[in-house]
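One structure is given below, encoded as structure tokens.
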Amino acid sequence: NKSLMSTKEENAIVLFYQYVEPPWTEEEHAQKLKWLIALAREKRITGRGRVACEGVNCTLTGRTSDIKEFCKNMREEESCFLETDFKITEGLSRGQVFKALTLRKTNELVGYGLFGEVTPSLKNSKARHVDAIEFHEIMKRPDACVIDVRNAFETEIGRMVPPDDGAEFIDPKMRNSHEFPRWLALPETQKK
């Protein structure tokens with residue numbers, strides 16, 4: 001039996017998240033989880049993901065063609081994924097590929113520990129999405145602030161660095177996402 005991660009075809013990783021509005025019902029939540037697991041297994045995808053009533057957040061690996069087909073099928077079968085930004089990086093070695101698939105049913109898309117809090121509506125939010133070019137322009141502004149809400153491990157791998165006379169970069173040095181609300185509530189954080 002030949003390995004699923006053959007060296008004849010290059011492997012890839014895909015990172016994505018998608019919030020859904022309105023949130024899925026408990027029944028829809030269970031159905032989406034079951035559907036994603038079946039699709040990932042069919043495409044021989046491995047990795048980790050969280051499936052909550054508010055959406056999906058995954059880091060998955062597999063052969064490049066399988067990853068691309070998985071993303072294509074998600075868009076074709078579920079309209080909520082039509083605008084998902086699937087970040088695919090090709091050229092992973094066999095050792096960088098996840099060994100198993102773990103998609104978990106969770107209460108939150110990102111584990112901030114705020115389950116039960118009223119989630120603000122993305123559609124009614126006054127926040128504005130900016131593309132990469134505009135983001136880099138904003139980082140040049142001295143009145144801007146960039147807070148890296150990823151965990152310490154992810155921040156060590158790489159981060160965006162504003163120019164010396166540009167935005168202030170703040171790394172809360174969190175071990176886990178659930179530490180963010182506590183950090184945000186600290187008096188020294190509130191002063192900034």
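FYI, nothing fancy with the structure tokens labels: chains A, B, ... in order, residues from 1 per chain, ligands from 1 as they appear.
Taking only stretch 19-131 of chain A, the residues that DSSP calls strand (DSSP E) from the backbone come to Tyr19, Thr46, Gly47, Arg48, Gly49, Arg50, Val51, Ala52, Gly55, Val56, Asn57, Cys58, Thr59, Leu60, Thr61, Gly62, Arg63, Lys87, Ile88, Thr89, Glu90, Gly91, Leu92, Leu101, Thr102, Leu103, Arg104 and Lys105 of chain A.
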Can those selected residues be exported to a file as a short mmCIF file (atom, residue, chain, number, x, y, z; two decimals), in the first residue's frame so that it contains N, CA and C atoms?
data_model
loop_
_atom_site.label_atom_id
_atom_site.label_comp_id
_atom_site.auth_asym_id
_atom_site.auth_seq_id
_atom_site.Cartn_x
_atom_site.Cartn_y
_atom_site.Cartn_z
N TYR A 19 -16.02 33.03 8.90
CA TYR A 19 -17.15 33.28 9.79
C TYR A 19 -18.42 33.19 8.96
N THR A 46 -5.08 15.94 5.79
CA THR A 46 -4.78 15.79 7.21
C THR A 46 -4.64 17.19 7.81
N GLY A 47 -4.63 17.28 9.12
CA GLY A 47 -4.44 18.58 9.76
C GLY A 47 -5.40 18.78 10.90
N ARG A 48 -5.55 20.05 11.27
CA ARG A 48 -6.36 20.40 12.43
C ARG A 48 -7.35 21.49 12.06
N GLY A 49 -8.49 21.46 12.74
CA GLY A 49 -9.47 22.50 12.50
C GLY A 49 -10.50 22.58 13.60
N ARG A 50 -11.12 23.74 13.65
CA ARG A 50 -12.20 24.01 14.60
C ARG A 50 -13.44 24.35 13.79
N VAL A 51 -14.54 23.73 14.16
CA VAL A 51 -15.82 24.02 13.52
C VAL A 51 -16.78 24.45 14.62
N ALA A 52 -17.20 25.72 14.56
CA ALA A 52 -18.10 26.29 15.55
C ALA A 52 -19.37 26.76 14.85
N GLY A 55 -18.52 29.42 12.44
CA GLY A 55 -17.73 29.20 11.24
C GLY A 55 -16.67 28.11 11.38
N VAL A 56 -15.64 28.20 10.52
CA VAL A 56 -14.61 27.18 10.40
C VAL A 56 -13.23 27.83 10.42
N ASN A 57 -12.26 27.20 11.09
CA ASN A 57 -10.89 27.69 11.16
C ASN A 57 -9.98 26.46 11.05
N CYS A 58 -9.20 26.35 9.95
CA CYS A 58 -8.41 25.13 9.71
C CYS A 58 -6.99 25.41 9.23
N THR A 59 -6.11 24.47 9.57
CA THR A 59 -4.77 24.35 9.00
C THR A 59 -4.66 22.90 8.55
N LEU A 60 -4.62 22.71 7.22
CA LEU A 60 -4.69 21.36 6.66
C LEU A 60 -3.55 21.11 5.69
N THR A 61 -3.16 19.86 5.53
CA THR A 61 -2.08 19.49 4.61
C THR A 61 -2.52 18.31 3.74
N GLY A 62 -1.81 18.14 2.64
CA GLY A 62 -2.06 17.03 1.73
C GLY A 62 -1.33 17.27 0.43
N ARG A 63 -1.55 16.41 -0.53
CA ARG A 63 -0.96 16.63 -1.84
C ARG A 63 -1.56 17.91 -2.42
N LYS A 87 -5.36 30.25 1.97
CA LYS A 87 -3.93 30.56 1.84
C LYS A 87 -3.18 29.24 1.66
N ILE A 88 -2.78 28.97 0.42
CA ILE A 88 -2.12 27.70 0.09
C ILE A 88 -0.63 27.94 -0.11
N THR A 89 0.18 27.14 0.57
CA THR A 89 1.63 27.17 0.39
C THR A 89 2.06 25.79 -0.07
N GLU A 90 2.70 25.76 -1.23
CA GLU A 90 3.15 24.49 -1.80
C GLU A 90 4.60 24.21 -1.42
N GLY A 91 5.02 22.97 -1.64
CA GLY A 91 6.42 22.60 -1.44
C GLY A 91 6.75 22.05 -0.07
N LEU A 92 5.78 21.57 0.67
CA LEU A 92 6.05 20.98 1.97
C LEU A 92 6.74 19.63 1.80
N LEU A 101 -6.05 13.65 10.73
CA LEU A 101 -7.06 14.69 10.60
C LEU A 101 -7.80 14.83 11.92
N THR A 102 -7.84 16.05 12.46
CA THR A 102 -8.59 16.33 13.67
C THR A 102 -9.42 17.59 13.45
N LEU A 103 -10.69 17.42 13.16
CA LEU A 103 -11.63 18.54 13.06
C LEU A 103 -12.55 18.44 14.26
N ARG A 104 -12.51 19.48 15.11
CA ARG A 104 -13.24 19.43 16.37
C ARG A 104 -14.46 20.34 16.35
N LYS A 105 -15.52 19.88 16.95
CA LYS A 105 -16.70 20.71 17.18
C LYS A 105 -16.38 21.56 18.40
#
Using only C-alpha atoms, what does the table of stretch 57-172 of chain A residues within 12 Å of stretch 24-32 of chain A look like, with each row giving the shortest atom pair and its distance in Å to one decimal, sorted by chain and ascending number, as JSON lines?
{"residue": "A:Met74", "atom": "CA", "partner": "A:Lys32", "partner_atom": "CA", "distance": 10.7}
{"residue": "A:Glu77", "atom": "CA", "partner": "A:Lys32", "partner_atom": "CA", "distance": 11.0}
{"residue": "A:Glu78", "atom": "CA", "partner": "A:Lys32", "partner_atom": "CA", "distance": 9.4}
{"residue": "A:Cys80", "atom": "CA", "partner": "A:Trp24", "partner_atom": "CA", "distance": 11.0}
{"residue": "A:Phe81", "atom": "CA", "partner": "A:Lys32", "partner_atom": "CA", "distance": 11.9}
{"residue": "A:Leu103", "atom": "CA", "partner": "A:Lys32", "partner_atom": "CA", "distance": 10.8}
{"residue": "A:Arg104", "atom": "CA", "partner": "A:Ala30", "partner_atom": "CA", "distance": 10.4}
{"residue": "A:Lys105", "atom": "CA", "partner": "A:Ala30", "partner_atom": "CA", "distance": 7.7}
{"residue": "A:Thr106", "atom": "CA", "partner": "A:His29", "partner_atom": "CA", "distance": 9.5}
{"residue": "A:Asn107", "atom": "CA", "partner": "A:His29", "partner_atom": "CA", "distance": 10.2}
{"residue": "A:Glu108", "atom": "CA", "partner": "A:His29", "partner_atom": "CA", "distance": 11.7}
{"residue": "A:Leu109", "atom": "CA", "partner": "A:His29", "partner_atom": "CA", "distance": 11.8}
Using all heavy atoms, can you export the residues from the last selection as an mmCIF file, in the first residue's frame?
data_model
loop_
_atom_site.group_PDB
_atom_site.id
_atom_site.type_symbol
_atom_site.label_atom_id
_atom_site.label_comp_id
_atom_site.auth_asym_id
_atom_site.auth_seq_id
_atom_site.Cartn_x
_atom_site.Cartn_y
_atom_site.Cartn_z
ATOM 1 N N MET A 74 -15.332 22.826 -1.486
ATOM 2 C CA MET A 74 -15.957 23.622 -0.422
ATOM 3 C C MET A 74 -16.737 24.780 -1.026
ATOM 4 O O MET A 74 -17.868 25.047 -0.630
ATOM 5 C CB MET A 74 -14.901 24.142 0.559
ATOM 6 C CG MET A 74 -14.357 23.071 1.480
ATOM 7 S SD MET A 74 -13.218 23.716 2.701
ATOM 8 C CE MET A 74 -14.304 24.671 3.735
ATOM 9 N N GLU A 77 -19.935 23.517 -2.968
ATOM 10 C CA GLU A 77 -21.006 22.902 -2.203
ATOM 11 C C GLU A 77 -21.591 23.779 -1.103
ATOM 12 O O GLU A 77 -22.693 23.511 -0.632
ATOM 13 C CB GLU A 77 -20.525 21.571 -1.621
ATOM 14 C CG GLU A 77 -20.203 20.575 -2.725
ATOM 15 C CD GLU A 77 -19.897 19.193 -2.204
ATOM 16 O OE1 GLU A 77 -20.487 18.799 -1.181
ATOM 17 O OE2 GLU A 77 -19.075 18.510 -2.832
ATOM 18 N N GLU A 78 -20.872 24.815 -0.683
ATOM 19 C CA GLU A 78 -21.347 25.688 0.391
ATOM 20 C C GLU A 78 -21.065 27.137 0.027
ATOM 21 O O GLU A 78 -19.908 27.568 -0.010
ATOM 22 C CB GLU A 78 -20.662 25.344 1.722
ATOM 23 C CG GLU A 78 -21.057 24.006 2.294
ATOM 24 C CD GLU A 78 -22.499 23.995 2.807
ATOM 25 O OE1 GLU A 78 -23.046 25.056 3.153
ATOM 26 O OE2 GLU A 78 -23.074 22.899 2.854
ATOM 27 N N CYS A 80 -21.230 29.796 1.637
ATOM 28 C CA CYS A 80 -20.520 30.605 2.637
ATOM 29 C C CYS A 80 -19.005 30.603 2.411
ATOM 30 O O CYS A 80 -18.307 31.483 2.901
ATOM 31 C CB CYS A 80 -20.858 30.143 4.050
ATOM 32 S SG CYS A 80 -20.321 28.487 4.467
ATOM 33 N N PHE A 81 -18.499 29.644 1.618
ATOM 34 C CA PHE A 81 -17.056 29.573 1.357
ATOM 35 C C PHE A 81 -16.643 30.245 0.042
ATOM 36 O O PHE A 81 -15.477 30.200 -0.330
ATOM 37 C CB PHE A 81 -16.581 28.118 1.373
ATOM 38 C CG PHE A 81 -16.746 27.452 2.711
ATOM 39 C CD1 PHE A 81 -17.688 26.454 2.892
ATOM 40 C CD2 PHE A 81 -15.979 27.848 3.795
ATOM 41 C CE1 PHE A 81 -17.858 25.848 4.125
ATOM 42 C CE2 PHE A 81 -16.138 27.251 5.036
ATOM 43 C CZ PHE A 81 -17.088 26.249 5.206
ATOM 44 N N LEU A 103 -10.693 17.416 13.164
ATOM 45 C CA LEU A 103 -11.625 18.538 13.055
ATOM 46 C C LEU A 103 -12.545 18.438 14.262
ATOM 47 O O LEU A 103 -13.251 17.451 14.427
ATOM 48 C CB LEU A 103 -12.428 18.477 11.752
ATOM 49 C CG LEU A 103 -11.630 18.654 10.474
ATOM 50 C CD1 LEU A 103 -12.540 18.560 9.249
ATOM 51 C CD2 LEU A 103 -10.881 19.976 10.460
ATOM 52 N N ARG A 104 -12.506 19.483 15.108
ATOM 53 C CA ARG A 104 -13.244 19.431 16.367
ATOM 54 C C ARG A 104 -14.461 20.345 16.348
ATOM 55 O O ARG A 104 -14.396 21.456 15.827
ATOM 56 C CB ARG A 104 -12.354 19.868 17.520
ATOM 57 C CG ARG A 104 -11.186 18.968 17.769
ATOM 58 C CD ARG A 104 -10.379 19.396 18.962
ATOM 59 N NE ARG A 104 -10.334 20.848 19.072
ATOM 60 C CZ ARG A 104 -9.946 21.502 20.145
ATOM 61 N NH1 ARG A 104 -9.566 20.863 21.202
ATOM 62 N NH2 ARG A 104 -9.932 22.814 20.171
ATOM 63 N N LYS A 105 -15.519 19.877 16.951
ATOM 64 C CA LYS A 105 -16.698 20.712 17.184
ATOM 65 C C LYS A 105 -16.383 21.564 18.404
ATOM 66 O O LYS A 105 -16.062 21.028 19.473
ATOM 67 C CB LYS A 105 -17.929 19.838 17.427
ATOM 68 C CG LYS A 105 -19.196 20.635 17.624
ATOM 69 C CD LYS A 105 -20.390 19.711 17.823
ATOM 70 C CE LYS A 105 -21.646 20.543 18.009
ATOM 71 N NZ LYS A 105 -22.790 19.716 18.362
ATOM 72 N N THR A 106 -16.423 22.889 18.236
ATOM 73 C CA THR A 106 -16.060 23.794 19.330
ATOM 74 C C THR A 106 -17.132 24.867 19.514
ATOM 75 O O THR A 106 -17.992 25.062 18.655
ATOM 76 C CB THR A 106 -14.714 24.483 19.050
ATOM 77 O OG1 THR A 106 -14.814 25.246 17.849
ATOM 78 C CG2 THR A 106 -13.583 23.472 18.929
ATOM 79 N N ASN A 107 -17.039 25.566 20.634
ATOM 80 C CA ASN A 107 -17.965 26.666 20.901
ATOM 81 C C ASN A 107 -17.528 27.970 20.246
ATOM 82 O O ASN A 107 -18.353 28.860 20.034
ATOM 83 C CB ASN A 107 -18.084 26.896 22.417
ATOM 84 C CG ASN A 107 -18.786 25.752 23.102
ATOM 85 O OD1 ASN A 107 -19.671 25.131 22.530
ATOM 86 N ND2 ASN A 107 -18.380 25.444 24.315
ATOM 87 N N GLU A 108 -16.222 28.096 19.958
ATOM 88 C CA GLU A 108 -15.687 29.325 19.365
ATOM 89 C C GLU A 108 -14.781 28.981 18.192
ATOM 90 O O GLU A 108 -14.060 27.992 18.237
ATOM 91 C CB GLU A 108 -14.843 30.101 20.378
ATOM 92 C CG GLU A 108 -15.587 30.675 21.541
ATOM 93 C CD GLU A 108 -14.633 31.411 22.465
ATOM 94 O OE1 GLU A 108 -13.817 30.739 23.125
ATOM 95 O OE2 GLU A 108 -14.696 32.647 22.496
ATOM 96 N N LEU A 109 -14.797 29.842 17.191
ATOM 97 C CA LEU A 109 -13.930 29.655 16.033
ATOM 98 C C LEU A 109 -12.458 29.792 16.438
ATOM 99 O O LEU A 109 -11.612 29.025 16.024
ATOM 100 C CB LEU A 109 -14.294 30.686 14.962
ATOM 101 C CG LEU A 109 -13.717 30.491 13.590
ATOM 102 C CD1 LEU A 109 -14.050 29.137 13.024
ATOM 103 C CD2 LEU A 109 -14.229 31.578 12.660
#
(request) Determine which residues of stretch 42-185 of chain A receive a DSSP assignment of alpha helix (DSSP H), computed from the backbone, and state them as number ranges by chain. (result) A: 42, 64-77, 132-139, 152-157, 180-185
(request) Fewer than 6 positions away in the same chain doesn't count, so skip those; otherwise give me all residues within 12 Å of A:Leu82, counting only C-alpha atoms, as a PyMOL selection string. (result) chain A and resi 18-20+71-76
Write a file of the selected residues as a CSV table (one decimal), in the first residue's frame, keeping C-alpha atoms.
chain,number,residue,atom,x,y,z
A,18,GLN,CA,-14.6,31.6,7.5
A,19,TYR,CA,-17.2,33.3,9.8
A,20,VAL,CA,-20.8,32.7,8.9
A,71,CYS,CA,-11.0,24.1,-1.5
A,72,LYS,CA,-12.8,24.0,-4.9
A,73,ASN,CA,-15.4,21.5,-3.5
A,74,MET,CA,-16.0,23.6,-0.4
A,75,ARG,CA,-16.8,26.6,-2.6
A,76,GLU,CA,-19.0,24.6,-5.0
